[in-house]
>>> print(open('entry10.pdb').read())   # PDB, C-alpha atoms
MODEL        1
ATOM      1  CA  MET W  11       0.000   0.000   0.000
ATOM      2  CA  ALA W  12       2.831   2.416   0.892
ATOM      3  CA  SER W  13       4.535   1.858  -2.439
ATOM      4  CA  THR W  14       1.195   2.484  -4.205
ATOM      5  CA  TRP W  15       0.779   5.824  -2.475
ATOM      6  CA  THR W  16       4.410   6.722  -3.173
ATOM      7  CA  SER W  17       4.047   5.874  -6.860
ATOM      8  CA  ALA W  18       0.819   7.870  -7.101
ATOM      9  CA  PHE W  19       2.459  10.860  -5.418
ATOM     10  CA  GLY W  20       5.452  10.620  -7.750
ATOM     11  CA  ARG W  21       3.219  10.484 -10.810
ATOM     12  CA  THR W  22       1.196  13.455  -9.592
ATOM     13  CA  CYS W  23       4.322  15.532  -8.967
ATOM     14  CA  GLY W  24       5.721  14.520 -12.347
ATOM     15  CA  TRP W  25       2.472  15.452 -14.080
ATOM     16  CA  LEU W  26       2.368  18.836 -12.327
ATOM     17  CA  LEU W  27       6.006  19.548 -13.144
ATOM     18  CA  ASP W  28       5.392  18.677 -16.795
ATOM     19  CA  ARG W  29       2.446  21.098 -16.905
ATOM     20  CA  ILE W  30       4.607  23.869 -15.433
ATOM     21  CA  VAL W  31       7.412  23.188 -17.909
ATOM     22  CA  ASN W  32       5.017  23.113 -20.862
ATOM     23  CA  GLY W  33       3.424  26.383 -19.768
ATOM     24  CA  LEU W  34       6.754  28.120 -19.362
ATOM     25  CA  ALA W  35       7.962  26.717 -22.688
ATOM     26  CA  LEU W  36       5.024  28.366 -24.442
ATOM     27  CA  THR W  37       6.169  31.758 -23.151
ATOM     28  CA  ARG W  38       9.644  31.230 -24.687
ATOM     29  CA  ILE W  39      11.131  32.613 -21.505
ATOM     30  CA  SER W  40      14.890  32.273 -21.211
ATOM     31  CA  PRO W  41      15.950  29.441 -18.868
ATOM     32  CA  ASN W  42      18.594  31.811 -17.512
ATOM     33  CA  VAL W  43      15.808  34.156 -16.398
ATOM     34  CA  LEU W  44      14.145  31.267 -14.554
ATOM     35  CA  THR W  45      17.465  30.468 -12.882
ATOM     36  CA  PHE W  46      17.826  34.082 -11.762
ATOM     37  CA  ILE W  47      14.242  34.208 -10.471
ATOM     38  CA  GLY W  48      15.085  31.229  -8.275
ATOM     39  CA  LEU W  49      17.960  33.242  -6.760
ATOM     40  CA  VAL W  50      15.689  36.227  -6.116
ATOM     41  CA  ILE W  51      13.189  33.980  -4.320
ATOM     42  CA  ASN W  52      15.981  32.503  -2.198
ATOM     43  CA  ILE W  53      17.047  36.032  -1.283
ATOM     44  CA  GLY W  54      13.507  36.498   0.012
ATOM     45  CA  ALA W  55      13.895  33.359   2.138
ATOM     46  CA  ALA W  56      17.218  34.639   3.471
ATOM     47  CA  PHE W  57      15.506  37.923   4.380
ATOM     48  CA  LEU W  58      12.927  35.968   6.375
ATOM     49  CA  PHE W  59      15.681  34.036   8.166
ATOM     50  CA  GLY W  60      17.563  37.219   8.946
ATOM     51  CA  ASN W  61      14.497  38.986  10.326
ATOM     52  CA  ALA W  62      13.534  36.110  12.619
ATOM     53  CA  ASN W  63      14.009  36.975  16.271
ATOM     54  CA  ALA W  64      13.348  35.309  19.594
ATOM     55  CA  THR W  65       9.600  35.962  19.405
ATOM     56  CA  ASN W  66       8.738  35.297  15.744
ATOM     57  CA  SER W  67      11.299  32.654  14.756
ATOM     58  CA  VAL W  68       8.817  29.793  14.335
ATOM     59  CA  SER W  69       6.573  31.637  11.875
ATOM     60  CA  MET W  70       9.420  33.327   9.979
ATOM     61  CA  PHE W  71      11.288  30.041   9.550
ATOM     62  CA  LEU W  72       8.094  28.327   8.403
ATOM     63  CA  TYR W  73       7.546  31.017   5.766
ATOM     64  CA  ALA W  74      11.208  30.795   4.739
ATOM     65  CA  GLY W  75      10.928  27.040   4.275
ATOM     66  CA  LEU W  76       7.895  27.453   2.042
ATOM     67  CA  VAL W  77       9.653  30.159   0.031
ATOM     68  CA  ILE W  78      12.674  27.888  -0.495
ATOM     69  CA  ILE W  79      10.324  25.200  -1.819
ATOM     70  CA  GLY W  80       9.031  27.784  -4.296
ATOM     71  CA  ALA W  81      12.571  28.611  -5.349
ATOM     72  CA  GLY W  82      13.247  24.908  -5.778
ATOM     73  CA  ILE W  83      10.535  24.705  -8.416
ATOM     74  CA  PHE W  84      12.457  27.164 -10.578
ATOM     75  CA  ASP W  85      15.623  25.188  -9.910
ATOM     76  CA  MET W  86      13.893  22.053 -11.201
ATOM     77  CA  VAL W  87      12.285  23.549 -14.307
ATOM     78  CA  ASP W  88      15.007  25.783 -15.785
ATOM     79  CA  GLY W  89      16.947  22.891 -17.334
ATOM     80  CA  ARG W  90      13.774  21.155 -18.482
ATOM     81  CA  VAL W  91      12.533  24.339 -20.145
ATOM     82  CA  ALA W  92      15.920  24.751 -21.838
ATOM     83  CA  ARG W  93      15.671  21.263 -23.321
ATOM     84  CA  LYS W  94      12.002  21.672 -24.214
ATOM     85  CA  THR W  95      12.607  24.918 -26.113
ATOM     86  CA  GLY W  96      15.990  24.037 -27.603
ATOM     87  CA  GLN W  97      17.793  26.681 -25.557
ATOM     88  CA  VAL W  98      20.445  24.406 -24.037
ATOM     89  CA  THR W  99      23.803  26.200 -24.058
ATOM     90  CA  VAL W 100      27.197  25.772 -22.434
ATOM     91  CA  PHE W 101      26.830  29.201 -20.854
ATOM     92  CA  GLY W 102      23.438  28.212 -19.441
ATOM     93  CA  ALA W 103      25.005  25.306 -17.561
ATOM     94  CA  PHE W 104      27.751  27.614 -16.266
ATOM     95  CA  PHE W 105      25.243  30.307 -15.256
ATOM     96  CA  ASP W 106      23.057  27.768 -13.451
ATOM     97  CA  SER W 107      26.037  26.508 -11.457
ATOM     98  CA  VAL W 108      27.127  30.026 -10.482
ATOM     99  CA  ILE W 109      23.626  31.066  -9.412
ATOM    100  CA  ASP W 110      23.265  27.873  -7.371
ATOM    101  CA  ARG W 111      26.342  28.863  -5.383
ATOM    102  CA  TYR W 112      24.885  32.314  -4.710
ATOM    103  CA  SER W 113      21.584  30.730  -3.646
ATOM    104  CA  ASP W 114      23.401  28.468  -1.178
ATOM    105  CA  VAL W 115      25.409  31.298   0.309
ATOM    106  CA  VAL W 116      22.505  33.717   0.640
ATOM    107  CA  LEU W 117      20.416  31.195   2.606
ATOM    108  CA  PHE W 118      23.242  30.476   5.016
ATOM    109  CA  PHE W 119      23.945  34.199   5.310
ATOM    110  CA  GLY W 120      20.333  34.711   6.394
ATOM    111  CA  LEU W 121      20.804  32.035   9.055
ATOM    112  CA  LEU W 122      24.024  33.718  10.169
ATOM    113  CA  VAL W 123      22.176  36.985  10.698
ATOM    114  CA  HIS W 124      19.418  35.225  12.634
ATOM    115  CA  TYR W 125      21.748  33.467  15.056
ATOM    116  CA  ALA W 126      23.824  36.618  15.483
ATOM    117  CA  ARG W 127      20.693  38.604  16.357
ATOM    118  CA  ILE W 128      19.724  36.171  19.111
ATOM    119  CA  ASN W 129      23.336  35.858  20.331
ATOM    120  CA  HIS W 130      23.803  32.150  19.599
ATOM    121  CA  ILE W 131      27.480  32.431  18.750
ATOM    122  CA  ARG W 132      28.013  28.665  18.527
ATOM    123  CA  TYR W 133      25.401  28.465  15.795
ATOM    124  CA  VAL W 134      26.908  31.462  14.019
ATOM    125  CA  LEU W 135      30.177  29.532  13.814
ATOM    126  CA  LEU W 136      28.345  26.351  12.794
ATOM    127  CA  VAL W 137      26.487  28.092   9.944
ATOM    128  CA  ALA W 138      29.720  29.773   8.813
ATOM    129  CA  PHE W 139      31.412  26.384   8.705
ATOM    130  CA  VAL W 140      28.515  24.851   6.770
ATOM    131  CA  MET W 141      28.637  27.748   4.301
ATOM    132  CA  VAL W 142      32.324  27.133   3.627
ATOM    133  CA  THR W 143      32.002  23.367   3.327
ATOM    134  CA  SER W 144      28.994  23.633   0.999
ATOM    135  CA  LEU W 145      31.055  25.779  -1.338
ATOM    136  CA  MET W 146      33.977  23.371  -1.056
ATOM    137  CA  VAL W 147      31.755  20.433  -2.032
ATOM    138  CA  SER W 148      31.041  22.163  -5.333
ATOM    139  CA  TYR W 149      34.568  23.528  -5.762
ATOM    140  CA  THR W 150      36.316  20.196  -5.244
ATOM    141  CA  ARG W 151      34.076  18.543  -7.820
ATOM    142  CA  ALA W 152      34.637  21.331 -10.360
ATOM    143  CA  ARG W 153      38.415  21.280  -9.906
ATOM    144  CA  ALA W 154      38.562  17.486  -9.938
ATOM    145  CA  GLU W 155      36.511  17.223 -13.105
ATOM    146  CA  ALA W 156      38.809  19.719 -14.796
ATOM    147  CA  LEU W 157      41.609  17.210 -14.142
ATOM    148  CA  ILE W 158      40.066  13.749 -14.339
ATOM    149  CA  GLY W 159      36.780  14.241 -16.160
ATOM    150  CA  GLN W 160      34.332  13.057 -13.499
ATOM    151  CA  CYS W 161      34.099  13.252  -9.707
ATOM    152  CA  LYS W 162      30.619  12.490  -8.433
ATOM    153  CA  VAL W 163      31.694  10.722  -5.259
ATOM    154  CA  GLY W 164      30.237  11.827  -1.951
ATOM    155  CA  PHE W 165      26.687  12.244  -0.765
ATOM    156  CA  MET W 166      26.099  15.862   0.211
ATOM    157  CA  GLU W 167      25.163  17.525  -3.083
ATOM    158  CA  ARG W 168      23.006  20.637  -3.399
ATOM    159  CA  PRO W 169      19.610  18.853  -3.401
ATOM    160  CA  GLU W 170      20.451  17.144  -0.106
ATOM    161  CA  ARG W 171      21.586  20.467   1.381
ATOM    162  CA  ILE W 172      18.393  22.212   0.329
ATOM    163  CA  VAL W 173      16.189  19.414   1.683
ATOM    164  CA  LEU W 174      17.912  19.604   5.074
ATOM    165  CA  VAL W 175      17.564  23.394   5.215
ATOM    166  CA  ILE W 176      13.872  23.135   4.269
ATOM    167  CA  LEU W 177      13.236  20.496   6.952
ATOM    168  CA  GLY W 178      15.080  22.595   9.516
ATOM    169  CA  ALA W 179      13.023  25.656   8.608
ATOM    170  CA  LEU W 180       9.616  23.947   8.454
ATOM    171  CA  PHE W 181      10.167  22.134  11.748
ATOM    172  CA  TYR W 182      12.122  24.862  13.543
ATOM    173  CA  LYS W 183       9.529  24.737  16.327
ATOM    174  CA  PHE W 184      10.752  21.237  17.170
ATOM    175  CA  GLY W 185      14.438  22.163  17.149
ATOM    176  CA  VAL W 186      15.222  20.480  13.826
ATOM    177  CA  MET W 187      17.410  23.243  12.355
ATOM    178  CA  ALA W 188      20.357  22.670  14.708
ATOM    179  CA  PRO W 189      20.619  18.911  13.971
ATOM    180  CA  ALA W 190      20.152  19.637  10.260
ATOM    181  CA  LEU W 191      23.094  22.053  10.337
ATOM    182  CA  CYS W 192      25.220  19.509  12.218
ATOM    183  CA  ILE W 193      24.408  16.841   9.625
ATOM    184  CA  LEU W 194      25.290  19.303   6.872
ATOM    185  CA  ALA W 195      28.609  20.126   8.530
ATOM    186  CA  VAL W 196      29.617  16.494   8.999
ATOM    187  CA  LEU W 197      28.459  15.059   5.663
ATOM    188  CA  SER W 198      29.748  18.026   3.646
ATOM    189  CA  THR W 199      33.165  17.641   5.253
ATOM    190  CA  ILE W 200      33.155  13.908   4.533
ATOM    191  CA  THR W 201      32.177  14.601   0.924
ATOM    192  CA  VAL W 202      35.037  17.097   0.490
ATOM    193  CA  ILE W 203      37.554  14.654   1.977
ATOM    194  CA  ASN W 204      36.156  11.868  -0.199
ATOM    195  CA  ARG W 205      36.594  13.972  -3.332
ATOM    196  CA  ILE W 206      40.123  14.975  -2.375
ATOM    197  CA  THR W 207      41.172  11.364  -1.833
ATOM    198  CA  TYR W 208      39.373  10.244  -5.002
ATOM    199  CA  THR W 209      41.163  12.890  -7.050
ATOM    200  CA  TYR W 210      44.495  12.061  -5.431
ATOM    201  CA  THR W 211      44.056   8.405  -6.347
ATOM    202  CA  HIS W 212      43.136   9.183  -9.948
ATOM    203  CA  THR W 213      45.877  11.759 -10.510
ATOM    204  CA  LYS W 214      48.758   9.646  -9.210
ATOM    205  CA  GLY W 215      51.185   9.125 -12.021
ATOM    206  CA  MET W 216      49.676  11.850 -14.196
ATOM    207  CA  PRO W 217      52.220  14.293 -15.615
ATOM    208  CA  SER W 218      52.289  17.729 -14.008
ATOM    209  CA  ALA W 219      50.545  20.498 -15.950
ATOM    210  CA  GLY W 220      53.601  22.675 -15.372
TER     211      GLY W 220
ENDMDL
END
>>> encode(input="entry10.pdb", output="structure tokens")
Amino acid sequence: MASTWTSAFGRTCGWLLDRIVNGLALTRISPNVLTFIGLVINIGAAFLFGNANATNSVSMFLYAGLVIIGAGIFDMVDGRVARKTGQVTVFGAFFDSVIDRYSDVVLFFGLLVHYARINHIRYVLLVAFVMVTSLMVSYTRARAEALIGQCKVGFMERPERIVLVILGALFYKFGVMAPALCILAVLSTITVINRITYTYTHTKGMPSAG
């Protein structure tokens, strides 16, 4: 029964996503514009995080989580719209990657402001660490793939990061954000180390570029 419900939910989400993609494709909107809109929406979520204080944190984090879900829709459809309308370009892939990094940073920056406002210095340091490691997860893959072609090892990619932030925001009332940040810190660090060791293994014996 559970698998039946899961399959039905997956089909419904897929159908809805297809309708959104088809509608956007009819407008001939640039996929790069969709990518940028996703960033703007994430900035709104970061603003909600940053304006959360000791008295309104639960509601502001709930709204932020919902806003991030909205931004995620644009993150899911921009590539599909590009393929649907024949607008796939090398620059589009580059632009999408760059904007994703900004979206990551701006959300964590909003959390930094929140924890600084309520004087939770330990969490300020934790969020700062997560911000750095999330960037390093992407950077190590990009640098590795420039050398060895492919480096998809490790678990903590952007979708997993976003899901954890959304869960932490939606269930902030139950203290979920702190564990979510700890999981992000640990798994992101493991992913970075994994990619470093993977690249080291696959570059041994390669001639130096210099």
>>> atom_distance(input="entry10.pdb", atom1="atom CA of W:Val196", atom2="atom CA of W:Val142")
12.2 Å
>>> residues_around(input="entry10.pdb", residues="stretch 79-93 of chain W", least_positions_apart="4", cutoff="8 Å", atoms="all atoms listed in the file", output="VMD selection string")
chain W and resid 27 30 to 32 34 to 35 40 to 42 44 to 45 47 to 49 51 to 52 75 97 to 98 176
>>> write_last_selection(input="entry10.pdb", atoms="C-alpha atoms", output="PDB file, in the frame of the given file")
ATOM      1  CA  LEU W  27       6.006  19.548 -13.144  1.00  0.00           C
ATOM      2  CA  ILE W  30       4.607  23.869 -15.433  1.00  0.00           C
ATOM      3  CA  VAL W  31       7.412  23.188 -17.909  1.00  0.00           C
ATOM      4  CA  ASN W  32       5.017  23.113 -20.862  1.00  0.00           C
ATOM      5  CA  LEU W  34       6.754  28.120 -19.362  1.00  0.00           C
ATOM      6  CA  ALA W  35       7.962  26.717 -22.688  1.00  0.00           C
ATOM      7  CA  SER W  40      14.890  32.273 -21.211  1.00  0.00           C
ATOM      8  CA  PRO W  41      15.950  29.441 -18.868  1.00  0.00           C
ATOM      9  CA  ASN W  42      18.594  31.811 -17.512  1.00  0.00           C
ATOM     10  CA  LEU W  44      14.145  31.267 -14.554  1.00  0.00           C
ATOM     11  CA  THR W  45      17.465  30.468 -12.882  1.00  0.00           C
ATOM     12  CA  ILE W  47      14.242  34.208 -10.471  1.00  0.00           C
ATOM     13  CA  GLY W  48      15.085  31.229  -8.275  1.00  0.00           C
ATOM     14  CA  LEU W  49      17.960  33.242  -6.760  1.00  0.00           C
ATOM     15  CA  ILE W  51      13.189  33.980  -4.320  1.00  0.00           C
ATOM     16  CA  ASN W  52      15.981  32.503  -2.198  1.00  0.00           C
ATOM     17  CA  GLY W  75      10.928  27.040   4.275  1.00  0.00           C
ATOM     18  CA  GLN W  97      17.793  26.681 -25.557  1.00  0.00           C
ATOM     19  CA  VAL W  98      20.445  24.406 -24.037  1.00  0.00           C
ATOM     20  CA  ILE W 176      13.872  23.135   4.269  1.00  0.00           C
TER      21      ILE W 176
END
>>> residues_around(input="entry10.pdb", residues="W:Leu145", least_positions_apart="2", cutoff="12 Å", atoms="only C-alpha atoms", output="count of residues only")
32
>>> axis_aligned_box(input="entry10.pdb", around="stretch 55-70 of chain W", padding_each_side="5 Å", output="JSON")
{"center_x": 12.1, "center_y": 34.4, "center_z": 10.9, "size_x": 21.0, "size_y": 19.2, "size_z": 27.5}
>>> atom_distance(input="entry10.pdb", atom1="atom CA of W:Ser69", atom2="atom CA of W:Leu121")
14.5 Å
>>> atom_distance(input="entry10.pdb", atom1="atom CA of W:Ala74", atom2="atom CA of W:Arg132")
21.8 Å
>>> residues_around(input="entry10.pdb", residues="W:Val134", least_positions_apart="3", cutoff="12 Å", atoms="all atoms listed in the file", output="list in words")
Phe118, Phe119, Gly120, Leu121, Leu122, Val123, His124, Tyr125, Ala126, Arg127, Ile128, Asn129, His130, Ile131, Val137, Ala138, Phe139, Val140, Met141, Ala188 and Leu191 of chain W
>>> write_last_selection(input="entry10.pdb", atoms="C-alpha atoms", output="compact mmCIF listing (two decimals), keeping the file's coordinate frame")
# COMPACT_ATOMS: atom_id res chain seq x y z
CA PHE W 118 23.24 30.48 5.02
CA PHE W 119 23.94 34.20 5.31
CA GLY W 120 20.33 34.71 6.39
CA LEU W 121 20.80 32.03 9.06
CA LEU W 122 24.02 33.72 10.17
CA VAL W 123 22.18 36.98 10.70
CA HIS W 124 19.42 35.22 12.63
CA TYR W 125 21.75 33.47 15.06
CA ALA W 126 23.82 36.62 15.48
CA ARG W 127 20.69 38.60 16.36
CA ILE W 128 19.72 36.17 19.11
CA ASN W 129 23.34 35.86 20.33
CA HIS W 130 23.80 32.15 19.60
CA ILE W 131 27.48 32.43 18.75
CA VAL W 137 26.49 28.09 9.94
CA ALA W 138 29.72 29.77 8.81
CA PHE W 139 31.41 26.38 8.70
CA VAL W 140 28.52 24.85 6.77
CA MET W 141 28.64 27.75 4.30
CA ALA W 188 20.36 22.67 14.71
CA LEU W 191 23.09 22.05 10.34
>>> closest_residue(input="entry10.pdb", among="W:Val68, W:Ile172, W:Val100, W:Val43", to="W:Ser144", atoms="all atoms listed in the file")
W:Ile172
>>> closest_residue(input="entry10.pdb", among="W:Ile200, W:Val175, W:Ala156, W:Ala190", to="W:Thr213", atoms="all atoms listed in the file")
W:Ala156
>>> residues_around(input="entry10.pdb", residues="W:Met216", least_positions_apart="3", cutoff="10 Å", atoms="only C-alpha atoms", output="list in words")
Leu157, Ile158, His212, Thr213 and Ala219 of chain W
>>> closest_residue(input="entry10.pdb", among="W:Pro217, W:Gly102, W:Gly164, W:Gly159", to="W:Phe46", atoms="all atoms listed in the file")
W:Gly102
>>> residues_around(input="entry10.pdb", residues="W:Gly185", least_positions_apart="6", cutoff="12 Å", atoms="all atoms listed in the file", output="ChimeraX atom specification")
/W:67-68,71,177-179,191
